[in-house]
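Here is the structure we will look at.
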Number of protein chains: 2
Amino acid sequence: MNAIANIPTTDKKRVVILGGGFAGLKLARKLSQQNYQVVLIDRNNYHMFQPLFYQVATAGLEPSAISFPLRKVFQSKKEVHIRVAEVQEVDPNQKLVLTNIGYVEYEYLVLALGADTNYFGNENISRYAVPMKSLGEAIDLRNNIIENYEQALNEAGSAAKETLMNVVIVGGGPTGVELAGAIAEMKKFILPKDYPELDFSKMKVQLLEAAPRVLGAYSEKSSNRAETYLNKLGVEVKTNAMVEDYDGSKVSLKGGEMLKSNTLIWAAGIKANKVNGLPAQVYGKSDRLIVNRFNEVIGLEDVFSLGDMAYMETEAYPQGHPQVAQVALQQAANLYRNLKRRAQNKEQKKFSYVDKGSLATVGRNLAIADLPFIKLGGFPAWALWLFIHLMALVGVKNRLFVFMNWAWNYFTYDQSLRLLIRPKGKVTSTELAENVS
Amino acid sequence: MNAIANIPTTDKKRVVILGGGFAGLKLARKLSQQNYQVVLIDRNNYHMFQPLFYQVATAGLEPSAISFPLRKVFQSKKEVHIRVAEVQEVDPNQKLVLTNIGYVEYEYLVLALGADTNYFGNENISRYAVPMKSLGEAIDLRNNIIENYEQALNEAGSAAKETLMNVVIVGGGPTGVELAGAIAEMKKFILPKDYPELDFSKMKVQLLEAAPRVLGAYSEKSSNRAETYLNKLGVEVKTNAMVEDYDGSKVSLKGGEMLKSNTLIWAAGIKANKVNGLPAQVYGKSDRLIVNRFNEVIGLEDVFSLGDMAYMETEAYPQGHPQVAQVALQQAANLYRNLKRRAQNKEQKKFSYVDKGSLATVGRNLAIADLPFIKLGGFPAWALWLFIHLMALVGVKNRLFVFMNWAWNYFTYDQSLRLLIRPKGKVTSTELAENVS
């Protein structure tokens, strides 16, 4: 479709934001109070809270509890236009975005499309491993784990059973650590009750990290703490472990070791989402867009990039900033201020990141808080983690329901969302005929 | 797979139950306290509460709130074995059930597979209409409706916009009436806020019923009340209306009238789910299995059928029983008593149905209660409906969360679950390559 997309025109300058993640949503909310027209384009009609994907994957939370309809955020903002669309190409010369619903003109363009799983070119791993970078993938992971246990019941041999029960997680960052902890707790508290016919003492939860320690970006103290907690929950942590290949049931490590598992969760790396149409020189490491201190993509005019997708070097961060929500939110806030100042013909302000610290939770009462002034562990860190994550959710109802879910799970030792639900899609009569025969 | 399924053998008699709906679940729960081994086979790993599907479809409730993991129900029952499997065939001579996980021997077989949408042979309708007989289909309907509004934004012409916005519901039974009311309330309270760019005064919600009145199984008083409530909410009710054809955007009625809508919801009929392997003479109207007063399938030995799937004639019900939850539950209870009596060599008891009345809700504070001793409407009926449905849900947590959701929606006039979430499925690298190019 090459027609112009059906978006009202005004005399206000139009800011087109691609991506309704932490950065895109924050910027759109702020700009909606200003004298700009905002067009927010996302492939989904909701904002999703990525830090809690792992709880969706392990049946602790419902997808709806950590996602929020974009339209609801902007119900009273007439100057914000949301379009659910796929971005096909950006034309920085003509100042156009091409999408499946037509092209959209922009005065300013903000690229905030985030990142996706990076398999570093390994085709087998990309084919058989389970990623976890979208809500859909988190649900797939949940379904996948449940299906494996159902399948294990049908196997007579104990080797086949164990391969189905084992879970291997690659990547010792916060996602990998939190997932490993949550799966170990399922093994401990829930699975033996759900599947009394299976022997869960045989199930292994293994966490692989290529570096010498997990949570490499955290302090060494916190990193050691995390490993102690993981061991306590029964997770086998393997550091200095490199995955070389995976065929769907055998994980081959560098050095020759072989692990057996039908579930390999890949949380070992991300790369920025790419859009077509940009010149090659704008890309830095892992497909990130190289931006200056004002988040302008270097070499392009009126094009900005924020968050996971952007690569900015500063004195404090000569290798670029970490790809976390805090950076995305702060960059969005800075760009908002700069767009406001631009309208007033004032000088632009340079971005500089204030690291408020990092949090990761391993299990009930077991978390790590790596704060600038103090390192916490155990229950205090866990309570802090709960509080911070609750407050960061969009919407009072989401907060309330997540809190209730957590309270329920905490006191009953039981996530009750172990449902294998799949939208059916409309079945054609041919498929129906095939099913019957 | 023709091997024997991996299920422990005991010296207890084995009852194989196909289907974990109202009847199957109730029977399995009751039998688990008796001296039988129970094998419960369902294609899903959860029980679903069908009476609330329409609220999942209209974004009022999450699928998880009205479904319950079967394994959780039987966590402490060692003699109940749950298998998530597809039934391929029943062999009543060899007393075997063939499934995709191997064959299962039975002493007694209970067929409780429920019913599915009946398009009465109309291929076009079956291809383009939206059914609502499973949780997956209810989610599909929700996604379908949201997608249509997103699409309407992209249309410049008002005729195309209206066709996308309109909703036609076929079938004036409780499902059709409840859906029509819920969609009319979305039109009134939510959609204009979510889509300020669309003119919802142009949107039509039409309910078609072939008979002279909606809720034909209810008293005339209740039926008139329902129609009044529907009109009040802005639903156009067309009785004596027969759908002849549908091409995805035009609904052709008998007599020549034509309605325009991209969404045709088909709630006009059901037929029993069939299993292969049974002789032709066991089937009655709409593929139901003809059973005697003990729910034994006539002509087969040790095979029973319950609920929507069974057809039993009695003096009070010479045309068979209504296909509702109450009948399924009462038949399950009666069969349980008979199996217990059988073990004690006592005489079997005939089933007779006690109709406790019918309830249907049209909108907030608007419901119909057709009870044996009184007909209620308005708020009292609505409050009764809420209470009965809450109590009928499986699990304290489901009750709590459904109640909280209802309270939230009631006071905020807003369902917040308008999320278009789709599990992605694992994308192969070929598909990835195609997406990029």
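Lettering and numbering for the structure tokens are positional, with chains as A, B, ... in the shown order, residues counted from 1 in each chain, and ligands counted from 1 in the shown order.
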Please provide as a count of residues only all residues within 10 Å of range 400-412 of chain A, with the sequence filter that same-chain residues fewer than 4 positions apart are discarded (counting only C-alpha atoms). 22
Need the shell around Phe49 in chain B: protein/DNA/RNA residues with any atom at most 12 Å away, counting only C-alpha atoms. Skip same-chain ones fewer than 4 positions apart. Format as a ChimeraX atom specification? /B:20-23,25,53-56,61-69,133-135,138,324-325,389-395,398-399,402
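The space separating CA of Gly248 in chain B from CA of Leu141 in chain B comes to 14.2 Å.
Here CA of His81 in chain A is placed at a distance of 17.5 Å from CA of Tyr336 in chain A.
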Can you pull out the residues contacting range 217-222 of chain B? Cut-off 10 Å, using only C-alpha atoms, and skip same-chain residues under 4 positions away; I want them as a list in words. Gly173, Pro174, Arg213, Ala226, Glu227, Thr228, Pro322, Gly357, Ser358, Leu359, Ala360, Ala367, Ile368, Ala369, Asp370, Leu371, Lys375, Leu376 and Gly377 of chain B
I need the chosen residues saved as a JSON list (two decimals), in the first residue's frame, with N, CA, C and O atoms.
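part.json, written as the output of this step:
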[["chain", "number", "residue", "atom", "x", "y", "z"],
["B", 173, "GLY", "N", -30.35, -17.10, 21.51],
["B", 173, "GLY", "CA", -30.28, -17.84, 22.77],
["B", 173, "GLY", "C", -29.49, -17.03, 23.79],
["B", 173, "GLY", "O", -29.11, -15.89, 23.52],
["B", 174, "PRO", "N", -29.23, -17.61, 24.98],
["B", 174, "PRO", "CA", -28.50, -16.86, 26.00],
["B", 174, "PRO", "C", -27.15, -16.32, 25.50],
["B", 174, "PRO", "O", -26.83, -15.16, 25.75],
["B", 213, "ARG", "N", -39.23, -15.02, 18.80],
["B", 213, "ARG", "CA", -38.74, -14.25, 19.95],
["B", 213, "ARG", "C", -37.38, -14.75, 20.40],
["B", 213, "ARG", "O", -37.02, -15.90, 20.16],
["B", 226, "ALA", "N", -36.02, -9.37, 27.96],
["B", 226, "ALA", "CA", -34.69, -9.38, 27.34],
["B", 226, "ALA", "C", -34.69, -8.46, 26.12],
["B", 226, "ALA", "O", -33.75, -7.67, 25.92],
["B", 227, "GLU", "N", -35.74, -8.53, 25.33],
["B", 227, "GLU", "CA", -35.78, -7.70, 24.13],
["B", 227, "GLU", "C", -35.84, -6.22, 24.49],
["B", 227, "GLU", "O", -35.17, -5.39, 23.86],
["B", 228, "THR", "N", -36.61, -5.89, 25.52],
["B", 228, "THR", "CA", -36.67, -4.50, 25.98],
["B", 228, "THR", "C", -35.28, -4.01, 26.41],
["B", 228, "THR", "O", -34.84, -2.92, 26.05],
["B", 322, "PRO", "N", -32.40, -29.98, 27.52],
["B", 322, "PRO", "CA", -31.65, -28.83, 27.01],
["B", 322, "PRO", "C", -30.14, -29.04, 27.21],
["B", 322, "PRO", "O", -29.73, -29.71, 28.16],
["B", 357, "GLY", "N", -34.04, -23.49, 36.89],
["B", 357, "GLY", "CA", -34.30, -22.18, 36.29],
["B", 357, "GLY", "C", -33.16, -21.70, 35.43],
["B", 357, "GLY", "O", -32.10, -22.30, 35.40],
["B", 358, "SER", "N", -33.38, -20.58, 34.72],
["B", 358, "SER", "CA", -32.39, -20.07, 33.78],
["B", 358, "SER", "C", -32.11, -18.61, 34.07],
["B", 358, "SER", "O", -32.98, -17.87, 34.50],
["B", 359, "LEU", "N", -30.88, -18.23, 33.79],
["B", 359, "LEU", "CA", -30.45, -16.85, 34.01],
["B", 359, "LEU", "C", -29.73, -16.36, 32.78],
["B", 359, "LEU", "O", -28.97, -17.09, 32.16],
["B", 360, "ALA", "N", -29.95, -15.11, 32.42],
["B", 360, "ALA", "CA", -29.16, -14.50, 31.33],
["B", 360, "ALA", "C", -28.98, -13.04, 31.67],
["B", 360, "ALA", "O", -29.88, -12.39, 32.21],
["B", 367, "ALA", "N", -30.69, -8.06, 33.89],
["B", 367, "ALA", "CA", -30.64, -9.50, 33.65],
["B", 367, "ALA", "C", -32.03, -10.08, 33.75],
["B", 367, "ALA", "O", -32.98, -9.40, 34.16],
["B", 368, "ILE", "N", -32.12, -11.35, 33.36],
["B", 368, "ILE", "CA", -33.39, -12.06, 33.39],
["B", 368, "ILE", "C", -33.20, -13.34, 34.19],
["B", 368, "ILE", "O", -32.26, -14.09, 33.93],
["B", 369, "ALA", "N", -34.07, -13.57, 35.16],
["B", 369, "ALA", "CA", -34.04, -14.83, 35.89],
["B", 369, "ALA", "C", -35.39, -15.50, 35.71],
["B", 369, "ALA", "O", -36.42, -14.95, 36.08],
["B", 370, "ASP", "N", -35.34, -16.66, 35.10],
["B", 370, "ASP", "CA", -36.55, -17.42, 34.81],
["B", 370, "ASP", "C", -36.57, -18.61, 35.76],
["B", 370, "ASP", "O", -36.12, -19.68, 35.41],
["B", 371, "LEU", "N", -37.06, -18.38, 36.97],
["B", 371, "LEU", "CA", -36.99, -19.43, 37.98],
["B", 371, "LEU", "C", -38.33, -20.15, 38.05],
["B", 371, "LEU", "O", -39.36, -19.61, 37.63],
["B", 375, "LYS", "N", -40.34, -14.99, 38.17],
["B", 375, "LYS", "CA", -39.57, -14.40, 37.06],
["B", 375, "LYS", "C", -39.04, -13.05, 37.53],
["B", 375, "LYS", "O", -39.82, -12.17, 37.91],
["B", 376, "LEU", "N", -37.72, -12.89, 37.49],
["B", 376, "LEU", "CA", -37.12, -11.62, 37.92],
["B", 376, "LEU", "C", -36.49, -10.90, 36.75],
["B", 376, "LEU", "O", -36.10, -11.51, 35.76],
["B", 377, "GLY", "N", -36.33, -9.58, 36.90],
["B", 377, "GLY", "CA", -35.60, -8.79, 35.90],
["B", 377, "GLY", "C", -34.76, -7.76, 36.61],
["B", 377, "GLY", "O", -34.65, -7.75, 37.85]]
Among B:Gly269, B:Gly307, B:Pro196, B:Gly181, Val235 in chain B is approached most closely, using only C-alpha atoms, by B:Gly181
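CA of Tyr229 in chain A lies 22.5 Å from CA of Thr263 in chain A.
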Per-residue nearest contacts of range 341-415 of chain A to range 28-46 of chain A (12 Å; only C-alpha atoms) as a Markdown table:
| residue | atom | partner | partner_atom | distance |
| --- | --- | --- | --- | --- |
| A:Arg341 | CA | A:Gln34 | CA | 11.1 |
| A:Arg342 | CA | A:Asn35 | CA | 11.5 |
| A:Ala343 | CA | A:Asn35 | CA | 8.6 |
| A:Gln344 | CA | A:Asn35 | CA | 11.0 |
| A:Val394 | CA | A:Tyr46 | CA | 10.7 |
Write the selection just made, keeping N, CA and C atoms, as a PDB file, in the first residue's frame?
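What follows is the written file part16.pdb:
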ATOM      1  N   ARG A 341      12.471  22.656  24.226  1.00  0.00           N
ATOM      2  CA  ARG A 341      13.429  23.771  24.106  1.00  0.00           C
ATOM      3  C   ARG A 341      13.584  24.181  22.641  1.00  0.00           C
ATOM      4  N   ARG A 342      13.547  23.209  21.753  1.00  0.00           N
ATOM      5  CA  ARG A 342      13.654  23.486  20.329  1.00  0.00           C
ATOM      6  C   ARG A 342      12.524  24.419  19.881  1.00  0.00           C
ATOM      7  N   ALA A 343      11.305  24.127  20.357  1.00  0.00           N
ATOM      8  CA  ALA A 343      10.153  24.958  20.004  1.00  0.00           C
ATOM      9  C   ALA A 343      10.341  26.381  20.523  1.00  0.00           C
ATOM     10  N   GLN A 344      11.130  26.486  21.612  1.00  0.00           N
ATOM     11  CA  GLN A 344      11.371  27.820  22.191  1.00  0.00           C
ATOM     12  C   GLN A 344      12.692  28.418  21.709  1.00  0.00           C
ATOM     13  N   VAL A 394       2.191   0.178  34.426  1.00  0.00           N
ATOM     14  CA  VAL A 394       1.243   1.195  33.979  1.00  0.00           C
ATOM     15  C   VAL A 394      -0.158   0.780  34.426  1.00  0.00           C
TER      16      VAL A 394
END
Give the answer as one residue: which of B:Ala180, B:Ser201, B:Asn273, B:Leu52 has the shortest atom-to-atom distance to chain A, using only C-alpha atoms? B:Asn273
Using backbone DSSP assignments, extract all helix (DSSP H, G or I) residues from range 204-434 of chain A; output them as a PyMOL selection string. chain A and resi 220-232+280-282+285-287+307-309+325-343+378-392+396-412+429-434
Which residue, A:Leu230, A:Met203, A:Phe379, A:Gly114, has the smallest gap to Ile270 in chain A when you use only C-alpha atoms? A:Gly114
